[in-house]
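Report on one structure; see the data block that follows.
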Amino acid sequence: MQTQTVKMVITGPFNSGKTQFVGAISEIDVVATERKISSEAERVKDQTTVAMDFGRITVDDDLVLYLFGTPGQRRFDFMWEILAEGMLGFVVLVDSARPETFREARQILETFRAYAPTPYVVAANKQDMEDAWALDDLRIALKLEEGVKMLPCVAKEKETVKNVLLELLYSILEEMEEE
Amino acid sequence: MRGNLKDFSPTQILNLVSLAKKTGMLAIDRKDVKANLAFKEGKLVFVAVGDADGTLASVLQRSGRITKEQAAALAKRAQQTGDKQLGLLLIQKGYVSQAEIIQSIKKHALAAVNQFAAWKEGLFSFEPGQQPGDERITVPLDLENIIVQIARVQKLDEQLEEEIPSLDIHLKFTERPQVKMKELQLNKDEWRVINFIKPENTIRMIAKSCNMSDKQIRRVVGSLREAGLVELVQIRKREKLSDEEKSKKVALVSRLINHFQSMPAD
Ligand SMILES: Nc1nc2c(ncn2[C@@H]2O[C@H](COP(=O)(O)OP(=O)(O)O)[C@@H](O)[C@H]2O)c(=O)[nH]1
Ligand SMILES: [Mg+2]
């Protein structure tokens with residue numbers, strides 16, 4: 001029997017923790033092409049993903065889940081639309097400690113939502129940081145509608161990553177039951 | 001200097017004129033409308049866009065100081081006397097003050113240059129040295145400020161395009177609006193849009209009903225949203241799954257859930 005593959009997309013602003021997130025749960029090393037960056041504004045860290053993060057989770061012999069992290073920097077990359085096609089759902093990662101990126105996170109969410117009518121959740125990442133915003137405040141800052149799930153996350157900890165993906169799966173199931 | 005606005009944008013032209021402190025007349029020819037902008041030493045001194053021809057009669061009418069009929073009569077008169085003489089006459093007779101005339105002309109010039117700034121194409125040519133006729137009332141306006149303002153609005157439009165990338169999305173009132181409708185000072189466009197907010201209407205449909213361009217509707221929706229009055233809702237055009245496909249998908253998702261639930265913690 002042929003192996004079935006499904007995919008989820010992990011998106012979010014630059015430096016929000018996408019590579020970390022995919023890496024925390026993938027059974028293979030994340031295949032991300034990192035390259036030195038030059039843009040002054042984005043010299044927060046000195047490397048950025050120019051290809052994309054790619055993680056794999058084998059459920060069993062005939063079912064594999066792929067996680068794709070969206071490539072950084074260029075928000076309206078043509079790759080986004082391709083990535084969005086056929087996905088089961090998507091996660092929007094937000095760096096809870098960097099309010100200057102909230103607006104972009106919202107834009108990214110809006111863009112992905114326009115690409116594909118799939119369920120999604122928002123993960124408030126870096127909740128371990130001292131100046132991380134509280135979830136309730138983040139909801140308001142991101143103008144999240146009621147009913148959109150927002151989950152605490154520390155991408156360095158597999159347990160929280162697992163929880164985010166589980167909640168997304170629950171949403172997908174709930175949506176199918178709604179019909 | 002001639003070209004097409006497609007290749008050299010209105011803001012670029014205004015910048016050039018301002019920086020090089022040019023004197024002359026910029027003429028733009030589009031299929032539907034023509035425009036003329038006169039500059040003196042890098043300042044905007046006169047502008048006519050389509051019907052807003054910059055004559056005193058039209059300027060006063062547009063600012064609501066005189067009626068259409070009065071404007072028609074004054075326009076006739078101006079053909080003999082010229083705008084300067086006409087203006088003097090109106091001031092002497094106490095119809096308008098000099099300040100009101102200048103204010104009206106400034107307002108007209110700003111509106112007209114903003115209109116021109118939004119043009120994406122059209123043939124233009126710049127005739128150095130050429131100025132409006134002597135009979136015209138000219139009010140020099142600094143271009144720097146105008147350019148900054150235009151850039152600000154354009155920047156805003158770009159941001160809105162990112163915030164509302166698709167117009168095929170629905171609008172609804174927020175459950176607990178942070179502001180009360182009655183206390184809100186809404187403008188005419190905002191009220192019109194609010195009238196069309198229904199679960200079944202997309203932003204695009206509302207724009208059509210209100211006869212608004214994509215840019216206009218984005219601005220209105222953007223400000224309504226900023227005020228916490230409305231939110232965007234995605235009505236899922238879900239793939240129509242057959243019962244069989246559906247139970248397959250449910251099984252698949254359940255398997256993934258089981259897998260994650262039984263995944264050992266590190
Ligand atoms: N403290 C903390 N740091 C994180 C967390 N997630 C990611 N980081 C760090 O944030 C930086 C950016 O993460 P990365 O995954 O490369 O972001 P990407 O640009 O979205 O792929 C890296 O230095 C990560 O180690 C987190 O949950 N907590
Ligand atoms: Mg990365």
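Naming works like this for the structure tokens: A, B, ... for the chains as they're shown, residue 1 at the start of each chain, ligands 1 onward in shown order.
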
For the contact check between chain A and chain B, emit one row per residue of chain A within 8 Å, containing the shortest atom pair and the distance in Å rounded to one decimal, counting only C-alpha atoms, chain then rising number order, as CSV.
residue,atom,partner,partner_atom,distance
A:Val59,CA,B:His259,CA,6.2
A:Arg106,CA,B:Glu163,CA,7.3
A:Gln107,CA,B:Glu163,CA,4.9
A:Glu110,CA,B:Glu163,CA,6.6
A:Thr111,CA,B:Pro165,CA,6.0
A:Arg113,CA,B:Gln234,CA,7.5
A:Ala114,CA,B:Ser166,CA,6.0
A:Pro117,CA,B:Arg236,CA,5.2
A:Thr118,CA,B:Arg236,CA,7.6
A:Glu145,CA,B:Glu231,CA,7.1
A:Lys158,CA,B:Asp266,CA,7.1
A:Glu159,CA,B:Ala265,CA,6.4
A:Lys162,CA,B:Phe260,CA,6.6
A:Leu166,CA,B:Ile257,CA,6.2
A:Leu169,CA,B:Val253,CA,6.5
A:Tyr170,CA,B:Ile257,CA,7.8
A:Ile172,CA,B:Val253,CA,7.7
A:Leu173,CA,B:Val250,CA,6.5
A:Met176,CA,B:Val250,CA,7.5

For N, CA, C and O atoms, I'd like the residues from the last selection saved as a PDB file, in the first residue's frame.
ATOM      1  N   VAL A  59       3.677   8.463  11.288  1.00  0.00           N
ATOM      2  CA  VAL A  59       2.644   7.907  12.164  1.00  0.00           C
ATOM      3  C   VAL A  59       2.736   6.381  12.136  1.00  0.00           C
ATOM      4  O   VAL A  59       2.796   5.729  13.161  1.00  0.00           O
ATOM      5  N   ARG A 106      -0.249  39.380  12.230  1.00  0.00           N
ATOM      6  CA  ARG A 106      -1.658  39.504  11.835  1.00  0.00           C
ATOM      7  C   ARG A 106      -1.787  39.487  10.299  1.00  0.00           C
ATOM      8  O   ARG A 106      -2.673  38.865   9.735  1.00  0.00           O
ATOM      9  N   GLN A 107      -0.886  40.183   9.645  1.00  0.00           N
ATOM     10  CA  GLN A 107      -0.930  40.227   8.180  1.00  0.00           C
ATOM     11  C   GLN A 107      -0.670  38.848   7.582  1.00  0.00           C
ATOM     12  O   GLN A 107      -1.299  38.447   6.615  1.00  0.00           O
ATOM     13  N   GLU A 110      -3.711  36.743   7.946  1.00  0.00           N
ATOM     14  CA  GLU A 110      -4.716  37.155   6.968  1.00  0.00           C
ATOM     15  C   GLU A 110      -4.385  36.608   5.576  1.00  0.00           C
ATOM     16  O   GLU A 110      -5.259  36.153   4.854  1.00  0.00           O
ATOM     17  N   THR A 111      -3.120  36.673   5.235  1.00  0.00           N
ATOM     18  CA  THR A 111      -2.702  36.204   3.916  1.00  0.00           C
ATOM     19  C   THR A 111      -2.946  34.701   3.770  1.00  0.00           C
ATOM     20  O   THR A 111      -3.512  34.253   2.772  1.00  0.00           O
ATOM     21  N   ARG A 113      -4.961  32.807   5.449  1.00  0.00           N
ATOM     22  CA  ARG A 113      -6.379  32.536   5.538  1.00  0.00           C
ATOM     23  C   ARG A 113      -7.044  32.764   4.179  1.00  0.00           C
ATOM     24  O   ARG A 113      -8.008  32.100   3.826  1.00  0.00           O
ATOM     25  N   ALA A 114      -6.499  33.725   3.447  1.00  0.00           N
ATOM     26  CA  ALA A 114      -7.068  33.998   2.132  1.00  0.00           C
ATOM     27  C   ALA A 114      -6.666  32.909   1.134  1.00  0.00           C
ATOM     28  O   ALA A 114      -7.386  32.623   0.198  1.00  0.00           O
ATOM     29  N   PRO A 117      -9.015  27.772   2.916  1.00  0.00           N
ATOM     30  CA  PRO A 117     -10.038  27.791   3.954  1.00  0.00           C
ATOM     31  C   PRO A 117      -9.870  26.678   4.971  1.00  0.00           C
ATOM     32  O   PRO A 117     -10.811  25.973   5.293  1.00  0.00           O
ATOM     33  N   THR A 118      -8.669  26.513   5.498  1.00  0.00           N
ATOM     34  CA  THR A 118      -8.453  25.430   6.460  1.00  0.00           C
ATOM     35  C   THR A 118      -8.430  25.998   7.881  1.00  0.00           C
ATOM     36  O   THR A 118      -8.209  27.179   8.077  1.00  0.00           O
ATOM     37  N   GLU A 145     -10.243  36.999  16.367  1.00  0.00           N
ATOM     38  CA  GLU A 145     -11.676  36.855  16.568  1.00  0.00           C
ATOM     39  C   GLU A 145     -11.926  35.810  17.651  1.00  0.00           C
ATOM     40  O   GLU A 145     -11.106  34.932  17.896  1.00  0.00           O
ATOM     41  N   LYS A 158       9.318  20.308  23.472  1.00  0.00           N
ATOM     42  CA  LYS A 158       8.531  19.455  22.600  1.00  0.00           C
ATOM     43  C   LYS A 158       7.072  19.342  23.060  1.00  0.00           C
ATOM     44  O   LYS A 158       6.149  19.317  22.256  1.00  0.00           O
ATOM     45  N   GLU A 159       6.893  19.293  24.381  1.00  0.00           N
ATOM     46  CA  GLU A 159       5.559  19.093  24.923  1.00  0.00           C
ATOM     47  C   GLU A 159       4.576  20.191  24.464  1.00  0.00           C
ATOM     48  O   GLU A 159       3.436  19.898  24.098  1.00  0.00           O
ATOM     49  N   LYS A 162       3.844  19.861  20.736  1.00  0.00           N
ATOM     50  CA  LYS A 162       2.921  18.749  20.554  1.00  0.00           C
ATOM     51  C   LYS A 162       1.490  19.213  20.836  1.00  0.00           C
ATOM     52  O   LYS A 162       0.563  18.931  20.078  1.00  0.00           O
ATOM     53  N   LEU A 166      -1.736  19.239  18.421  1.00  0.00           N
ATOM     54  CA  LEU A 166      -2.933  18.492  18.825  1.00  0.00           C
ATOM     55  C   LEU A 166      -4.172  19.382  18.772  1.00  0.00           C
ATOM     56  O   LEU A 166      -5.217  18.981  18.241  1.00  0.00           O
ATOM     57  N   LEU A 169      -5.306  19.782  15.340  1.00  0.00           N
ATOM     58  CA  LEU A 169      -5.992  18.565  14.881  1.00  0.00           C
ATOM     59  C   LEU A 169      -7.421  18.495  15.444  1.00  0.00           C
ATOM     60  O   LEU A 169      -8.361  18.137  14.735  1.00  0.00           O
ATOM     61  N   TYR A 170      -7.571  18.874  16.717  1.00  0.00           N
ATOM     62  CA  TYR A 170      -8.917  18.895  17.303  1.00  0.00           C
ATOM     63  C   TYR A 170      -9.812  19.856  16.522  1.00  0.00           C
ATOM     64  O   TYR A 170     -10.974  19.564  16.240  1.00  0.00           O
ATOM     65  N   ILE A 172      -9.582  20.680  13.429  1.00  0.00           N
ATOM     66  CA  ILE A 172      -9.902  20.100  12.132  1.00  0.00           C
ATOM     67  C   ILE A 172     -11.049  19.095  12.289  1.00  0.00           C
ATOM     68  O   ILE A 172     -12.002  19.091  11.501  1.00  0.00           O
ATOM     69  N   LEU A 173     -10.943  18.311  13.348  1.00  0.00           N
ATOM     70  CA  LEU A 173     -11.983  17.318  13.605  1.00  0.00           C
ATOM     71  C   LEU A 173     -13.317  17.998  13.918  1.00  0.00           C
ATOM     72  O   LEU A 173     -14.359  17.638  13.361  1.00  0.00           O
ATOM     73  N   MET A 176     -15.100  19.287  10.917  1.00  0.00           N
ATOM     74  CA  MET A 176     -15.779  18.279  10.101  1.00  0.00           C
ATOM     75  C   MET A 176     -17.072  17.820  10.754  1.00  0.00           C
ATOM     76  O   MET A 176     -18.022  17.477  10.079  1.00  0.00           O
TER      77      MET A 176
END

Against ligand 1, which residues of chain A fall within 7 Å? For each one I want the closest pair of atoms and the distance in Å (one decimal), counting only C-alpha atoms and all ligand atoms, rows by chain and increasing residue number, as CSV.
residue,atom,partner,partner_atom_place_in_ligand_line,distance
A:Gly12,CA,ligand 1,20 (O),6.4
A:Pro13,CA,ligand 1,20 (O),6.3
A:Phe14,CA,ligand 1,19 (O),4.3
A:Asn15,CA,ligand 1,19 (O),3.3
A:Ser16,CA,ligand 1,20 (O),4.0
A:Gly17,CA,ligand 1,15 (O),3.2
A:Lys18,CA,ligand 1,20 (O),3.6
A:Thr19,CA,ligand 1,15 (O),3.6
A:Gln20,CA,ligand 1,15 (O),3.7
A:Phe21,CA,ligand 1,15 (O),6.3
A:Lys45,CA,ligand 1,23 (O),6.7
A:Thr48,CA,ligand 1,19 (O),5.9
A:Thr49,CA,ligand 1,21 (O),6.3
A:Gly72,CA,ligand 1,19 (O),6.2
A:Asn125,CA,ligand 1,27 (O),5.1
A:Lys126,CA,ligand 1,27 (O),3.4
A:Gln127,CA,ligand 1,27 (O),6.2
A:Asp128,CA,ligand 1,28 (N),5.7
A:Met129,CA,ligand 1,1 (N),5.4
A:Cys153,CA,ligand 1,27 (O),6.2
A:Val154,CA,ligand 1,27 (O),3.3
A:Ala155,CA,ligand 1,27 (O),4.0
A:Lys156,CA,ligand 1,27 (O),5.1

With N, CA and C atoms retained, write the just-selected residues as a short mmCIF file (atom, residue, chain, number, x, y, z; two decimals), in the first residue's frame.
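Okay, selection_34.cif is ready:
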data_model
loop_
_atom_site.label_atom_id
_atom_site.label_comp_id
_atom_site.auth_asym_id
_atom_site.auth_seq_id
_atom_site.Cartn_x
_atom_site.Cartn_y
_atom_site.Cartn_z
N GLY A 12 4.65 32.50 10.36
CA GLY A 12 4.84 33.53 11.39
C GLY A 12 5.96 34.46 10.97
N PRO A 13 6.11 35.57 11.65
CA PRO A 13 7.14 36.54 11.28
C PRO A 13 8.55 35.96 11.45
N PHE A 14 9.47 36.68 10.90
CA PHE A 14 10.88 36.40 11.04
C PHE A 14 11.24 36.27 12.52
N ASN A 15 12.00 35.22 12.85
CA ASN A 15 12.51 35.07 14.21
C ASN A 15 11.46 34.66 15.25
N SER A 16 10.26 34.26 14.77
CA SER A 16 9.22 33.91 15.74
C SER A 16 9.43 32.51 16.31
N GLY A 17 10.28 31.71 15.65
CA GLY A 17 10.59 30.38 16.19
C GLY A 17 10.13 29.22 15.33
N LYS A 18 9.92 29.47 14.07
CA LYS A 18 9.41 28.42 13.17
C LYS A 18 10.39 27.25 13.05
N THR A 19 11.65 27.57 12.81
CA THR A 19 12.65 26.51 12.65
C THR A 19 12.75 25.70 13.94
N GLN A 20 12.76 26.41 15.04
CA GLN A 20 12.81 25.76 16.36
C GLN A 20 11.61 24.84 16.57
N PHE A 21 10.44 25.33 16.21
CA PHE A 21 9.18 24.61 16.39
C PHE A 21 9.18 23.30 15.61
N LYS A 45 18.98 38.00 14.55
CA LYS A 45 19.85 36.83 14.58
C LYS A 45 20.59 36.84 13.26
N THR A 48 19.10 33.35 8.62
CA THR A 48 17.68 33.20 8.40
C THR A 48 17.42 32.10 7.39
N THR A 49 16.20 31.58 7.45
CA THR A 49 15.85 30.49 6.56
C THR A 49 15.55 31.04 5.18
N GLY A 72 11.56 32.73 5.43
CA GLY A 72 11.54 34.04 6.06
C GLY A 72 11.50 35.20 5.10
N ASN A 125 4.41 32.06 21.07
CA ASN A 125 5.70 31.43 21.35
C ASN A 125 6.57 32.27 22.30
N LYS A 126 7.60 31.62 22.79
CA LYS A 126 8.57 32.24 23.71
C LYS A 126 7.90 32.70 25.00
N GLN A 127 6.92 31.92 25.44
CA GLN A 127 6.25 32.25 26.69
C GLN A 127 7.19 32.12 27.89
N ASP A 128 8.34 31.50 27.68
CA ASP A 128 9.30 31.38 28.78
C ASP A 128 10.06 32.68 29.02
N MET A 129 9.93 33.61 28.09
CA MET A 129 10.70 34.85 28.25
C MET A 129 10.03 35.79 29.23
N CYS A 153 3.14 28.62 24.03
CA CYS A 153 4.13 27.75 23.40
C CYS A 153 5.55 28.17 23.78
N VAL A 154 6.37 27.16 23.95
CA VAL A 154 7.81 27.38 24.07
C VAL A 154 8.42 26.40 23.08
N ALA A 155 8.80 26.91 21.92
CA ALA A 155 9.18 26.02 20.82
C ALA A 155 10.36 25.12 21.18
N LYS A 156 11.10 25.50 22.21
CA LYS A 156 12.23 24.67 22.63
C LYS A 156 11.74 23.44 23.36
#

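Interatomic distance, atom CA of B:Ser125 to atom CA of B:Met1: 5.6 Å.
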
Spatial neighbours of A:Phe112, max dist 9 Å, only C-alpha atoms, sep filter under 5 positions, as a PDB file with all heavy atoms, in the first residue's frame:
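Saved as out29.pdb:
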ATOM      1  N   THR A  11       3.752  28.979  10.093  1.00  0.00           N
ATOM      2  CA  THR A  11       4.130  30.284   9.566  1.00  0.00           C
ATOM      3  C   THR A  11       4.251  31.295  10.699  1.00  0.00           C
ATOM      4  O   THR A  11       3.995  30.977  11.864  1.00  0.00           O
ATOM      5  CB  THR A  11       3.125  30.746   8.485  1.00  0.00           C
ATOM      6  OG1 THR A  11       3.614  31.933   7.874  1.00  0.00           O
ATOM      7  CG2 THR A  11       1.749  31.012   9.070  1.00  0.00           C
ATOM      8  N   TRP A  80       4.605  30.623  -0.798  1.00  0.00           N
ATOM      9  CA  TRP A  80       3.557  30.527   0.204  1.00  0.00           C
ATOM     10  C   TRP A  80       2.306  29.870  -0.344  1.00  0.00           C
ATOM     11  O   TRP A  80       1.707  29.016   0.290  1.00  0.00           O
ATOM     12  CB  TRP A  80       3.201  31.924   0.712  1.00  0.00           C
ATOM     13  CG  TRP A  80       4.160  32.431   1.713  1.00  0.00           C
ATOM     14  CD1 TRP A  80       5.476  32.139   1.767  1.00  0.00           C
ATOM     15  CD2 TRP A  80       3.868  33.302   2.791  1.00  0.00           C
ATOM     16  NE1 TRP A  80       6.035  32.794   2.831  1.00  0.00           N
ATOM     17  CE2 TRP A  80       5.076  33.513   3.461  1.00  0.00           C
ATOM     18  CE3 TRP A  80       2.711  33.926   3.242  1.00  0.00           C
ATOM     19  CZ2 TRP A  80       5.150  34.327   4.575  1.00  0.00           C
ATOM     20  CZ3 TRP A  80       2.794  34.732   4.342  1.00  0.00           C
ATOM     21  CH2 TRP A  80       3.999  34.930   5.007  1.00  0.00           C
ATOM     22  N   GLU A  81       1.934  30.317  -1.511  1.00  0.00           N
ATOM     23  CA  GLU A  81       0.696  29.816  -2.085  1.00  0.00           C
ATOM     24  C   GLU A  81       0.820  28.330  -2.386  1.00  0.00           C
ATOM     25  O   GLU A  81      -0.098  27.555  -2.169  1.00  0.00           O
ATOM     26  CB  GLU A  81       0.372  30.609  -3.348  1.00  0.00           C
ATOM     27  CG  GLU A  81      -1.101  30.642  -3.608  1.00  0.00           C
ATOM     28  CD  GLU A  81      -1.467  31.684  -4.649  1.00  0.00           C
ATOM     29  OE1 GLU A  81      -0.666  32.609  -4.900  1.00  0.00           O
ATOM     30  OE2 GLU A  81      -2.568  31.550  -5.212  1.00  0.00           O
ATOM     31  N   ALA A  84       0.607  26.421   0.767  1.00  0.00           N
ATOM     32  CA  ALA A  84      -0.732  26.411   1.360  1.00  0.00           C
ATOM     33  C   ALA A  84      -1.629  25.364   0.709  1.00  0.00           C
ATOM     34  O   ALA A  84      -2.568  24.869   1.325  1.00  0.00           O
ATOM     35  CB  ALA A  84      -1.363  27.793   1.239  1.00  0.00           C
ATOM     36  N   PHE A  90      -2.980  25.182   9.487  1.00  0.00           N
ATOM     37  CA  PHE A  90      -1.715  25.894   9.700  1.00  0.00           C
ATOM     38  C   PHE A  90      -1.627  26.523  11.093  1.00  0.00           C
ATOM     39  O   PHE A  90      -2.628  26.737  11.769  1.00  0.00           O
ATOM     40  CB  PHE A  90      -1.458  26.932   8.610  1.00  0.00           C
ATOM     41  CG  PHE A  90      -2.440  28.075   8.518  1.00  0.00           C
ATOM     42  CD1 PHE A  90      -2.175  29.291   9.151  1.00  0.00           C
ATOM     43  CD2 PHE A  90      -3.605  27.943   7.791  1.00  0.00           C
ATOM     44  CE1 PHE A  90      -3.069  30.361   9.045  1.00  0.00           C
ATOM     45  CE2 PHE A  90      -4.505  29.002   7.688  1.00  0.00           C
ATOM     46  CZ  PHE A  90      -4.239  30.203   8.300  1.00  0.00           C
ATOM     47  N   GLN A 107      -0.886  40.183   9.645  1.00  0.00           N
ATOM     48  CA  GLN A 107      -0.930  40.227   8.180  1.00  0.00           C
ATOM     49  C   GLN A 107      -0.670  38.848   7.582  1.00  0.00           C
ATOM     50  O   GLN A 107      -1.299  38.447   6.615  1.00  0.00           O
ATOM     51  CB  GLN A 107       0.108  41.226   7.652  1.00  0.00           C
ATOM     52  CG  GLN A 107      -0.276  42.656   7.929  1.00  0.00           C
ATOM     53  CD  GLN A 107       0.886  43.612   7.760  1.00  0.00           C
ATOM     54  OE1 GLN A 107       2.002  43.210   7.468  1.00  0.00           O
ATOM     55  NE2 GLN A 107       0.621  44.895   7.951  1.00  0.00           N
ATOM     56  N   PRO A 117      -9.015  27.772   2.916  1.00  0.00           N
ATOM     57  CA  PRO A 117     -10.038  27.791   3.954  1.00  0.00           C
ATOM     58  C   PRO A 117      -9.870  26.678   4.971  1.00  0.00           C
ATOM     59  O   PRO A 117     -10.811  25.973   5.293  1.00  0.00           O
ATOM     60  CB  PRO A 117     -11.322  27.608   3.144  1.00  0.00           C
ATOM     61  CG  PRO A 117     -10.905  26.779   1.988  1.00  0.00           C
ATOM     62  CD  PRO A 117      -9.475  27.113   1.697  1.00  0.00           C
TER      63      PRO A 117
END

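Non-sequential neighbours of B:Ile206 (distance at most 10 Å, separation of 2 or more positions within a chain, only C-alpha atoms) are Leu167, His170, Leu171, Arg192, Val193, Ile194, Asn195, Phe196, Ile197, Lys198, Asn201, Thr202, Ile203, Arg204, Lys208, Ser209, Cys210, Asn211, Met212 and Ile217 of chain B.
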
**Report entry** strand (DSSP E or B) residues, from DSSP on the backbone, in chain A, as a PyMOL selection string
**Finding:** chain A and resi 4-11+34-36+47-49+53-60+63-69+89-95+120-125+150-152

Non-local contacts of A:Trp133 (9 Å; only C-alpha atoms; under 4 positions in same chain excluded) as a PyMOL selection string: chain A and resi 96-99+124+127+137-138

Include all heavy atoms and write out the residues we just selected as a PDB file, in the first residue's frame.
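Output contents, as saved in result-v8.pdb:
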ATOM      1  N   SER A  96       5.991  36.206  21.472  1.00  0.00           N
ATOM      2  CA  SER A  96       5.183  36.932  22.470  1.00  0.00           C
ATOM      3  C   SER A  96       5.920  38.107  23.089  1.00  0.00           C
ATOM      4  O   SER A  96       5.303  38.970  23.712  1.00  0.00           O
ATOM      5  CB  SER A  96       4.769  35.999  23.613  1.00  0.00           C
ATOM      6  OG  SER A  96       4.244  34.800  23.119  1.00  0.00           O
ATOM      7  N   ALA A  97       7.229  38.131  22.934  1.00  0.00           N
ATOM      8  CA  ALA A  97       8.005  39.174  23.598  1.00  0.00           C
ATOM      9  C   ALA A  97       8.366  40.323  22.657  1.00  0.00           C
ATOM     10  O   ALA A  97       9.065  41.243  23.054  1.00  0.00           O
ATOM     11  CB  ALA A  97       9.275  38.573  24.197  1.00  0.00           C
ATOM     12  N   ARG A  98       7.903  40.231  21.405  1.00  0.00           N
ATOM     13  CA  ARG A  98       8.278  41.306  20.478  1.00  0.00           C
ATOM     14  C   ARG A  98       7.056  41.943  19.823  1.00  0.00           C
ATOM     15  O   ARG A  98       6.697  41.622  18.687  1.00  0.00           O
ATOM     16  CB  ARG A  98       9.260  40.784  19.425  1.00  0.00           C
ATOM     17  CG  ARG A  98      10.615  40.432  20.073  1.00  0.00           C
ATOM     18  CD  ARG A  98      11.665  40.128  19.036  1.00  0.00           C
ATOM     19  NE  ARG A  98      11.854  41.225  18.112  1.00  0.00           N
ATOM     20  CZ  ARG A  98      12.175  41.055  16.836  1.00  0.00           C
ATOM     21  NH1 ARG A  98      12.326  39.870  16.345  1.00  0.00           N
ATOM     22  NH2 ARG A  98      12.331  42.103  16.067  1.00  0.00           N
ATOM     23  N   PRO A  99       6.443  42.878  20.543  1.00  0.00           N
ATOM     24  CA  PRO A  99       5.212  43.517  20.055  1.00  0.00           C
ATOM     25  C   PRO A  99       5.374  44.178  18.687  1.00  0.00           C
ATOM     26  O   PRO A  99       4.401  44.317  17.953  1.00  0.00           O
ATOM     27  CB  PRO A  99       4.875  44.552  21.135  1.00  0.00           C
ATOM     28  CG  PRO A  99       6.059  44.626  22.026  1.00  0.00           C
ATOM     29  CD  PRO A  99       6.823  43.357  21.875  1.00  0.00           C
ATOM     30  N   ALA A 124       1.353  31.358  20.799  1.00  0.00           N
ATOM     31  CA  ALA A 124       2.080  32.457  21.442  1.00  0.00           C
ATOM     32  C   ALA A 124       3.416  31.907  21.905  1.00  0.00           C
ATOM     33  O   ALA A 124       3.535  31.349  22.992  1.00  0.00           O
ATOM     34  CB  ALA A 124       1.274  33.005  22.605  1.00  0.00           C
ATOM     35  N   GLN A 127       6.921  31.916  25.441  1.00  0.00           N
ATOM     36  CA  GLN A 127       6.252  32.252  26.693  1.00  0.00           C
ATOM     37  C   GLN A 127       7.191  32.120  27.889  1.00  0.00           C
ATOM     38  O   GLN A 127       6.865  32.552  28.984  1.00  0.00           O
ATOM     39  CB  GLN A 127       5.016  31.361  26.883  1.00  0.00           C
ATOM     40  CG  GLN A 127       3.795  31.818  26.084  1.00  0.00           C
ATOM     41  CD  GLN A 127       3.205  33.126  26.597  1.00  0.00           C
ATOM     42  OE1 GLN A 127       3.004  33.313  27.788  1.00  0.00           O
ATOM     43  NE2 GLN A 127       2.935  34.059  25.680  1.00  0.00           N
ATOM     44  N   ASP A 137      -3.739  39.540  26.482  1.00  0.00           N
ATOM     45  CA  ASP A 137      -3.303  40.793  25.861  1.00  0.00           C
ATOM     46  C   ASP A 137      -2.944  40.578  24.396  1.00  0.00           C
ATOM     47  O   ASP A 137      -3.240  41.395  23.529  1.00  0.00           O
ATOM     48  CB  ASP A 137      -2.086  41.359  26.602  1.00  0.00           C
ATOM     49  CG  ASP A 137      -2.431  41.727  28.037  1.00  0.00           C
ATOM     50  OD1 ASP A 137      -3.630  41.878  28.332  1.00  0.00           O
ATOM     51  OD2 ASP A 137      -1.505  41.822  28.865  1.00  0.00           O
ATOM     52  N   LEU A 138      -2.308  39.443  24.143  1.00  0.00           N
ATOM     53  CA  LEU A 138      -1.922  39.112  22.778  1.00  0.00           C
ATOM     54  C   LEU A 138      -3.150  38.986  21.860  1.00  0.00           C
ATOM     55  O   LEU A 138      -3.124  39.422  20.715  1.00  0.00           O
ATOM     56  CB  LEU A 138      -1.169  37.785  22.756  1.00  0.00           C
ATOM     57  CG  LEU A 138       0.348  37.853  22.785  1.00  0.00           C
ATOM     58  CD1 LEU A 138       0.919  36.471  22.953  1.00  0.00           C
ATOM     59  CD2 LEU A 138       0.852  38.479  21.497  1.00  0.00           C
TER      60      LEU A 138
END

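If you measure from each of A:Val9, A:Tyr66, A:Ile25, A:Pro71 to ligand 2 using only C-alpha atoms and all ligand atoms, the closest one turns out to be A:Pro71.
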
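The smallest atom-to-atom distance between ligand 2 and any of A:Glu174, A:Glu100, A:Asp53, A:Asp29, using only C-alpha atoms and all ligand atoms, is found for A:Asp53.
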